[in-house]
Structures are given as structure tokens and as C-alpha cells.
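A.B. asks: Before I ask anything, here is the structure I am working with.
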Amino acid sequence: MTRVIITGAKGRMGQALTACARNFRDLEIAARVDMGDELSAVISKGDVVVDFSLHSATAGIVELCAKDKKAVVIGTTGHSDKEKAQIERRKNEIAMVWASNFSTGVNTLFWLTRKAAEILGPDFDLEIVEMHHRMKKDAPSGTAKSLAEILAGVRKLQLDKAARHGRAGIVGERTPSEIGIHSIRGGDVVGDHTVIFANAGERLELSHKASSRETFANGALRAAFWVAKRPPGLYDMQDVLGLK
């Protein structure tokens, strides 16, 4: 039996994780932690910490997991470079699954995006459009960033120089090296992502639309079950799903 501790337990994803855990026979929720609670008081009860709290809290959670030798699944997004470095330096001490999106469908989208970029080549313009609910705090989404990183990697571009976050005014003609990233916010949209490959005379679009947080929760719990049995290292959902 894999024992899971959820941080950010009262949030939307925390509640979805609790609900979906009933579908996993070999997994149990050992503790639920939210603001005002002390993870240190319950960490001994679990094998894996699943973090869907706040990006600003994740590094501290990982530090505590490293101290107590607990695996961790990281579902928060919007980390600063400093926070990323704090998390990554623990990869030789504990097993971590760190993903921008835990959906099986989205991770298939990652795989397809890389293949399409390789096949279509440099003549196609690259654009990413994402939409989320009005309460989402960070933009672009972590998933959109991952898609942009995949495209930049295939094209051998530096993403910080190639990314164009929306366009306004007289910006001139589109350059071949641009990767457009556009964020839309409104309503209760769980998460829509589209990658556009556009050339003269044709356009290919790869899209994923999520209608329920259960798809992310089930993926995160699957990752928790998987990572509990892994040696120290930094993994992602491509590893969990065997797509690498």
C-alpha cells in the first residue's frame, strides 16, 4: 500500500485528489495538509507527498521531504528560477516527479508536438494558445511553457528570445524564429491547449481540452504510486507513462 500526503488539500486539485484516490486499490490518503497545518507533524505517515499547494511553498516542502527521505510529486507551477534551483538540487536525494500537467492526454500532446515539429521542419510558424478559468494566477500556463520548451528544443532556439507573448501595435512581420504564446482567461475552463503549425497553404493544429480536474488528479496519483518505488532522481510524466 502506498501512503500519500496531499499538500494544498483544500484547493480544487486537492479535493479532486481526495475524491479520485478511492479508485486506487493500492493507495491511501494518509494525511491532508493545507495553510495553517504543519507538514512536519504528519510526514512520517506517508510514503509520497503530492504537492498542489503554492509555487512559493514547494521548495520548502521538497526540503522537508529530502530530510525525511520521502518521494514527492510536484504539481505546482509558476516557480521562479531560484525556486526551481532549490527544488532541483534535491534530485540526488529523493525521487521526484515534476510535471506541468499530469493528464495522459496532455503528455501525449507533448509527444505529438515534438514529432510534428521534427517532421514539419523550419518552414512552419509556431503558435501556442491556452485558455484557463478566471481564477488562475499565472500566465502562460505551465503546460504552455512546456509546449514552448519542446518547440524551442526541436528548433534549437533560446526560448527567452524566441517567445512572443501576444502582439500589440506595429510589431512588424512575423520572424521565422518566433514562438507565439497566447493566454486567455475566463469562466470556469479547466484547461485548453492548442499548438498551431502554420505554413503557406496549410495549417496543422494539435489540441487538448480538459473538462474535469479528475484527469489531472488521476495522473498525479498514478505518478505517486510510480515514484514511491523509484530511486532518487528528477522524473516527469513522460517517465511515468513510458513515453521516453
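Residues in the C-alpha cells are numbered from 1 in each chain, the chains being A, B, ... in the order shown, and ligands are numbered from 1 in the order shown.
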Can you tell me, as JSON, numbers by chain, which residues in range 53-236 of chain A count as strand (DSSP E) by DSSP?
C.D. replies: {"A": [71, 72, 73, 74, 95, 96, 97, 98, 125, 126, 127, 128, 129, 130, 131, 132, 163, 164, 165, 179, 180, 181, 182, 183, 184, 185, 191, 192, 193, 194, 195, 196, 197, 198, 199, 202, 203, 204, 205, 206, 207, 208, 209, 210, 233, 234, 235]}
A.B. asks: Write out the residues from the selection above, keeping C-alpha atoms, as a PDB file, in the first residue's frame.
C.D. replies:
ATOM      1  CA  ALA A  71       9.275  10.852  -2.515  1.00  0.00           C
ATOM      2  CA  VAL A  72       7.371  13.829  -3.883  1.00  0.00           C
ATOM      3  CA  VAL A  73       5.058  14.647  -6.789  1.00  0.00           C
ATOM      4  CA  ILE A  74       5.131  18.346  -7.718  1.00  0.00           C
ATOM      5  CA  ALA A  95      12.683  10.591  -6.143  1.00  0.00           C
ATOM      6  CA  MET A  96      10.593  13.439  -7.573  1.00  0.00           C
ATOM      7  CA  VAL A  97       8.021  13.605 -10.359  1.00  0.00           C
ATOM      8  CA  TRP A  98       7.779  17.222 -11.514  1.00  0.00           C
ATOM      9  CA  ASP A 125       5.303  29.074 -37.978  1.00  0.00           C
ATOM     10  CA  LEU A 126       4.752  28.017 -34.376  1.00  0.00           C
ATOM     11  CA  GLU A 127       1.992  29.387 -32.132  1.00  0.00           C
ATOM     12  CA  ILE A 128       0.534  28.200 -28.809  1.00  0.00           C
ATOM     13  CA  VAL A 129      -2.879  29.230 -27.469  1.00  0.00           C
ATOM     14  CA  GLU A 130      -4.042  28.305 -23.959  1.00  0.00           C
ATOM     15  CA  MET A 131      -7.222  29.090 -22.019  1.00  0.00           C
ATOM     16  CA  HIS A 132      -7.974  28.638 -18.319  1.00  0.00           C
ATOM     17  CA  ALA A 163       8.873  33.635 -27.182  1.00  0.00           C
ATOM     18  CA  ARG A 164       6.292  36.286 -28.185  1.00  0.00           C
ATOM     19  CA  HIS A 165       3.625  36.686 -25.526  1.00  0.00           C
ATOM     20  CA  ILE A 179       7.184  31.051 -30.941  1.00  0.00           C
ATOM     21  CA  GLY A 180       3.905  32.799 -30.191  1.00  0.00           C
ATOM     22  CA  ILE A 181       2.333  32.135 -26.772  1.00  0.00           C
ATOM     23  CA  HIS A 182      -1.146  33.471 -26.052  1.00  0.00           C
ATOM     24  CA  SER A 183      -3.045  33.211 -22.750  1.00  0.00           C
ATOM     25  CA  ILE A 184      -6.834  33.541 -22.467  1.00  0.00           C
ATOM     26  CA  ARG A 185      -8.656  33.692 -19.126  1.00  0.00           C
ATOM     27  CA  GLY A 191      -7.595  23.848 -19.388  1.00  0.00           C
ATOM     28  CA  ASP A 192      -7.425  24.090 -23.192  1.00  0.00           C
ATOM     29  CA  HIS A 193      -4.171  23.985 -25.161  1.00  0.00           C
ATOM     30  CA  THR A 194      -3.596  24.206 -28.909  1.00  0.00           C
ATOM     31  CA  VAL A 195      -0.314  24.097 -30.817  1.00  0.00           C
ATOM     32  CA  ILE A 196      -0.522  25.613 -34.304  1.00  0.00           C
ATOM     33  CA  PHE A 197       1.879  24.791 -37.140  1.00  0.00           C
ATOM     34  CA  ALA A 198       1.118  27.259 -39.960  1.00  0.00           C
ATOM     35  CA  ASN A 199       2.615  27.405 -43.451  1.00  0.00           C
ATOM     36  CA  GLU A 202      -1.845  24.603 -44.926  1.00  0.00           C
ATOM     37  CA  ARG A 203      -2.118  24.559 -41.161  1.00  0.00           C
ATOM     38  CA  LEU A 204      -1.872  21.744 -38.604  1.00  0.00           C
ATOM     39  CA  GLU A 205      -3.394  22.132 -35.140  1.00  0.00           C
ATOM     40  CA  LEU A 206      -2.908  19.807 -32.176  1.00  0.00           C
ATOM     41  CA  SER A 207      -5.379  20.415 -29.351  1.00  0.00           C
ATOM     42  CA  HIS A 208      -6.215  19.057 -25.918  1.00  0.00           C
ATOM     43  CA  LYS A 209      -9.239  20.172 -23.923  1.00  0.00           C
ATOM     44  CA  ALA A 210      -9.806  19.149 -20.315  1.00  0.00           C
ATOM     45  CA  GLY A 233      16.105  11.359  -9.429  1.00  0.00           C
ATOM     46  CA  LEU A 234      14.066  14.015 -11.179  1.00  0.00           C
ATOM     47  CA  TYR A 235      11.324  12.469 -13.314  1.00  0.00           C
TER      48      TYR A 235
END
A.B. asks: Do you know which residues are at most 12 Å from Asp37 in chain A counting only C-alpha atoms, after dropping those on the same chain fewer than 4 positions away, and could you put them as a PyMOL selection string?
C.D. replies: chain A and resi 6-10+31-33+41-43+53
A.B. asks: Select from range 91-146 of chain A every residue with an atom at most 12 Å from any atom of range 215-229 of chain A, then for each give the shortest pair of atoms and their distance in Å to one decimal, using only C-alpha atoms, rows by chain and rising number, as CSV.
C.D. replies:
residue,atom,partner,partner_atom,distance
A:Ile94,CA,A:Val227,CA,9.7
A:Ala95,CA,A:Val227,CA,6.3
A:Met96,CA,A:Val227,CA,6.8
A:Val97,CA,A:Val227,CA,6.8
A:Trp98,CA,A:Ala223,CA,9.5
A:Ala99,CA,A:Ala220,CA,9.1
A:Ser100,CA,A:Phe216,CA,10.2
A:Asn101,CA,A:Phe216,CA,6.9
A:Phe102,CA,A:Gly219,CA,4.8
A:Ser103,CA,A:Phe216,CA,4.8
A:Thr104,CA,A:Gly219,CA,6.7
A:Gly105,CA,A:Thr215,CA,8.6
A:Val106,CA,A:Phe216,CA,9.5
A:Asn107,CA,A:Gly219,CA,10.1
A:Thr143,CA,A:Phe216,CA,12.0
A.B. asks: Between CA of Asn23 in chain A and CA of Leu243 in chain A, measure the distance and give it in Å to one decimal.
C.D. replies: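 About the pair CA of Asn23 in chain A and CA of Leu243 in chain A: they are 23.8 Å apart.
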A.B. asks: Which of these residues is nearest to Asp236 in chain A, using only C-alpha atoms: A:Pro140, A:Gly75, A:Gly201, A:Gly186?
C.D. replies: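 Smallest distance to Asp236 in chain A is found for A:Gly75.
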A.B. asks: Got a sec: who's within 7 Å of range 64-68 of chain A, counting only C-alpha atoms, leaving out chain neighbours fewer than 4 positions off, as a list in words?
C.D. replies: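 My reading of the contact set: Gly60, Arg90, Glu93 and Ile94 of chain A.
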A.B. asks: Report, in Å with one decimal, the straight-line distance from CA of Ile150 in chain A to CA of Lys136 in chain A.
C.D. replies: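 Taking CA of Ile150 in chain A and CA of Lys136 in chain A, their separation equals 23.0 Å.
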A.B. asks: Mind giving me the straight-line distance from CA of Ile170 in chain A to CA of Phe124 in chain A in Å, one decimal?
C.D. replies: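 That distance, rounded to one decimal, is 22.5 Å.
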A.B. asks: Determine which residues of range 60-241 of chain A DSSP labels as helix (DSSP H, G or I) from the backbone of this structure, then write them out as a PyMOL selection string.
C.D. replies: chain A and resi 60-68+81-88+104-120+142-155+159-162+214-227+237-240
A.B. asks: Write out as a PyMOL selection string each polymer residue whose atoms come within 12 Å of Ala85 in chain A, counting only C-alpha atoms; drop sequence neighbours fewer than 6 positions from it.
C.D. replies: chain A and resi 58-59+62-63+79+91
